[in-house]
Amino acid sequence: MNSYVRLTLLVISLGVALGFSACIGPDGWQPLWSGDSETARIILWEIRIPRVVLAACLGAALGAAGAGYQGLFRNPLADPFVIGASSGAALGATIAIVMQWNFRFLAVDATTLCALIGSLVTVWVVFLLARIGTQVPTVSLLLAGVAVSSFLGAVVSLIMFVNEQQLSMIFGWLMGSLSSRGWKDVHGAWPLVLVGIGGLFLMSRSLDALVFGDETASSLGHDIRKVRGGVVFFASLATAAAVAGGGIIGFVGLIAPHIGRLCAGTARHGLSLPAGALAGATLLVLSDDLARTVVAPAELPVGVITALLGAPFFLFLLRRRLTS
């Protein structure tokens, strides 16, 4: 089957998932068929539709960022959290929550802005730590990312410990949730997500060249430092938007690129990257459906659902990589 036909099928699948998700909830289909059309309109337009649109937006961001990181590191186990981008975003957003900042800058709220700053500053620090002379070896980058992520995780835990009055809010946000999200959250997230995914897509040919190694990519005219920096920047931008919009939602950035490559039928980033974004969007939308309905009328954090799905998948990939 032609790769573009496969992409079209992914778009259709996402559309079906969005339509299905907008029509279900803890109260099932009842509001759609009740006699009160105004109630149905409010439930659909003000509660369900912005939530599923936000889930698709954030899932696409994580899927594209994961595809970018896996292509950059040539490692199928890489995801948006690998070099500290999510940990930095988590710290920035936690500080904004604790300080109760409510300002906006260019239509971006304080939590999103602090998450973005935290993500980019963390990635910059990781790069400085990993740099050896003028080079930034991939292994050093990964190890520095793990170390910095662990440190920032401890800082977030410390902030939670000394701010007990906001503990439940921070804890719920760190578990990942789309509860009580509305159109303002969508408006705050989609521009950053669009820039992040668009930037990664524009670098797809450079990512294809990196598959054959840095030397080969350089011989083909690609500036490795600019490529690496650009991929990290745009992937971090998308990750920061996702973390600010929904908290820590793990494993979507790991699973979605693999599904995207399988569905696209090719490893070319010009096709597999948008396929990964579509797969991530569909995966998060369906995961949020489970979060809303499994223990209805209560809700599970969507991060719990993605972890339950993603952890076995990660172990499977790790086992296959170790035995291959």
# chains A, B, ... in the order shown; residues from 1 in each chain; ligands from 1
>>> closest_atom_pairs(of="range 47-140 of chain A", to="range 188-198 of chain A", cutoff="10 Å", atoms="only C-alpha atoms", output="CSV")
residue,atom,partner,partner_atom,distance
A:Val53,CA,A:Trp190,CA,9.7
A:Leu54,CA,A:Ala189,CA,7.8
A:Cys57,CA,A:Trp190,CA,6.5
A:Leu58,CA,A:Val193,CA,7.4
A:Gly59,CA,A:Val193,CA,9.8
A:Ala60,CA,A:Val193,CA,8.0
A:Ala61,CA,A:Val193,CA,5.6
A:Leu62,CA,A:Val193,CA,9.2
A:Gly63,CA,A:Ile197,CA,9.3
A:Ala64,CA,A:Ile197,CA,6.1
A:Ala65,CA,A:Ile197,CA,7.4
A:Gly68,CA,A:Ile197,CA,9.3
A:Arg104,CA,A:Gly188,CA,9.7
A:Leu106,CA,A:Gly188,CA,9.4
A:Ala107,CA,A:Gly188,CA,6.5
A:Val108,CA,A:Gly188,CA,5.2
A:Asp109,CA,A:Gly188,CA,6.8
A:Thr111,CA,A:Gly188,CA,10.0
A:Thr112,CA,A:Gly188,CA,7.5
A:Leu113,CA,A:Gly188,CA,9.5
A:Leu116,CA,A:Leu192,CA,9.4
>>> write_last_selection(atoms="C-alpha atoms", output="compact mmCIF listing (two decimals), in the first residue's frame")
# COMPACT_ATOMS: atom_id res chain seq x y z
CA VAL A 53 -8.81 18.48 20.68
CA LEU A 54 -6.22 19.19 23.38
CA CYS A 57 -2.70 18.29 20.02
CA LEU A 58 -0.52 17.13 22.91
CA GLY A 59 -0.34 13.55 21.62
CA ALA A 60 0.83 14.81 18.23
CA ALA A 61 3.51 16.94 19.93
CA LEU A 62 4.84 13.98 21.93
CA GLY A 63 4.72 11.64 18.93
CA ALA A 64 6.62 14.04 16.68
CA ALA A 65 9.15 14.88 19.40
CA GLY A 68 12.77 13.44 16.22
CA ARG A 104 0.17 35.91 29.99
CA LEU A 106 1.72 36.75 23.66
CA ALA A 107 -1.36 34.65 24.55
CA VAL A 108 0.84 32.09 26.37
CA ASP A 109 -0.05 31.59 30.05
CA THR A 111 2.57 27.82 33.34
CA THR A 112 3.23 27.15 29.67
CA LEU A 113 5.83 29.89 29.44
CA LEU A 116 9.05 26.23 27.93
>>> select_by_dssp(residues="range 85-175 of chain A", states="alpha helix (DSSP H)", output="JSON, numbers by chain")
{"A": [85, 86, 87, 88, 89, 90, 91, 92, 93, 94, 95, 96, 97, 98, 99, 110, 111, 112, 113, 114, 115, 116, 117, 118, 119, 120, 121, 122, 123, 124, 125, 126, 127, 128, 129, 130, 138, 139, 140, 141, 142, 143, 144, 145, 146, 147, 148, 149, 150, 151, 152, 153, 154, 155, 156, 157, 158, 159, 160, 161, 162, 167, 168, 169, 170, 171, 172, 173, 174, 175]}
>>> closest_atom_pairs(of="range 128-193 of chain A", to="range 272-288 of chain A", cutoff="10 Å", atoms="only C-alpha atoms", output="JSON lines")
{"residue": "A:Ser177", "atom": "CA", "partner": "A:Asp288", "partner_atom": "CA", "distance": 8.4}
{"residue": "A:Leu178", "atom": "CA", "partner": "A:Asp288", "partner_atom": "CA", "distance": 7.6}
{"residue": "A:Ser179", "atom": "CA", "partner": "A:Asp288", "partner_atom": "CA", "distance": 9.3}
>>> write_last_selection(atoms="C-alpha atoms", output="CSV table (one decimal), in the first residue's frame")
chain,number,residue,atom,x,y,z
A,177,SER,CA,-4.3,14.7,33.4
A,178,LEU,CA,-6.6,16.5,30.9
A,179,SER,CA,-9.4,17.0,33.4
>>> select_by_dssp(residues="range 50-274 of chain A", states="strand (DSSP E or B)", output="MDAnalysis selection string")
chainID A and resid 104:105 108:109 132 135
>>> write_last_selection(atoms="N, CA and C atoms", output="PDB file, in the first residue's frame")
ATOM      1  N   ARG A 104       0.113  36.494  31.338  1.00  0.00           N
ATOM      2  CA  ARG A 104       0.166  35.913  29.994  1.00  0.00           C
ATOM      3  C   ARG A 104       1.142  36.729  29.160  1.00  0.00           C
ATOM      4  N   PHE A 105       1.821  36.058  28.238  1.00  0.00           N
ATOM      5  CA  PHE A 105       2.762  36.725  27.339  1.00  0.00           C
ATOM      6  C   PHE A 105       2.511  36.212  25.928  1.00  0.00           C
ATOM      7  N   VAL A 108       0.332  33.289  25.704  1.00  0.00           N
ATOM      8  CA  VAL A 108       0.839  32.086  26.367  1.00  0.00           C
ATOM      9  C   VAL A 108       0.749  32.315  27.872  1.00  0.00           C
ATOM     10  N   ASP A 109       0.102  31.389  28.613  1.00  0.00           N
ATOM     11  CA  ASP A 109      -0.054  31.589  30.046  1.00  0.00           C
ATOM     12  C   ASP A 109       1.252  31.314  30.784  1.00  0.00           C
ATOM     13  N   ILE A 132      32.224  17.950  24.557  1.00  0.00           N
ATOM     14  CA  ILE A 132      33.644  17.635  24.680  1.00  0.00           C
ATOM     15  C   ILE A 132      34.366  18.386  23.565  1.00  0.00           C
ATOM     16  N   GLN A 135      32.635  19.018  20.087  1.00  0.00           N
ATOM     17  CA  GLN A 135      31.734  17.922  19.772  1.00  0.00           C
ATOM     18  C   GLN A 135      30.773  17.657  20.931  1.00  0.00           C
TER      19      GLN A 135
END
>>> closest_residue(among="A:Ile49, A:Ala40, A:Ala144, A:Leu262", to="Arg181 in chain A", atoms="only C-alpha atoms")
A:Ile49
>>> closest_atom_pairs(of="range 176-239 of chain A", to="range 127-130 of chain A", cutoff="12 Å", atoms="only C-alpha atoms", output="Markdown table")
| residue | atom | partner | partner_atom | distance |
| --- | --- | --- | --- | --- |
| A:Arg225 | CA | A:Phe127 | CA | 11.1 |
| A:Arg228 | CA | A:Phe127 | CA | 10.3 |
| A:Gly229 | CA | A:Phe127 | CA | 9.1 |
| A:Val232 | CA | A:Phe127 | CA | 9.9 |
| A:Phe233 | CA | A:Phe127 | CA | 11.4 |
>>> write_last_selection(atoms="C-alpha atoms", output="PDB file, in the first residue's frame")
ATOM      1  CA  ARG A 225      25.815  20.864  15.078  1.00  0.00           C
ATOM      2  CA  ARG A 228      21.376  18.433  16.386  1.00  0.00           C
ATOM      3  CA  GLY A 229      20.614  21.802  17.941  1.00  0.00           C
ATOM      4  CA  VAL A 232      16.572  19.348  20.130  1.00  0.00           C
ATOM      5  CA  PHE A 233      15.072  22.864  20.090  1.00  0.00           C
TER       6      PHE A 233
END
>>> closest_residue(among="A:Arg131, A:Gly118, A:Val304, A:Gly172", to="Leu152 in chain A", atoms="only C-alpha atoms")
A:Gly118
>>> closest_atom_pairs(of="range 234-256 of chain A", to="range 82-86 of chain A", cutoff="8 Å", atoms="only C-alpha atoms", output="Markdown table")
| residue | atom | partner | partner_atom | distance |
| --- | --- | --- | --- | --- |
| A:Ser236 | CA | A:Ala85 | CA | 5.6 |
| A:Thr239 | CA | A:Ser86 | CA | 6.4 |
| A:Ala240 | CA | A:Ser86 | CA | 6.5 |
| A:Val243 | CA | A:Ser86 | CA | 6.6 |
| A:Ile248 | CA | A:Ser86 | CA | 7.4 |
>>> residues_around(residues="Leu9 in chain A", least_positions_apart="3", cutoff="12 Å", atoms="only C-alpha atoms", output="VMD selection string")
chain A and resid 1 to 6 12 to 16 260 263 to 264 275 278 to 279 282
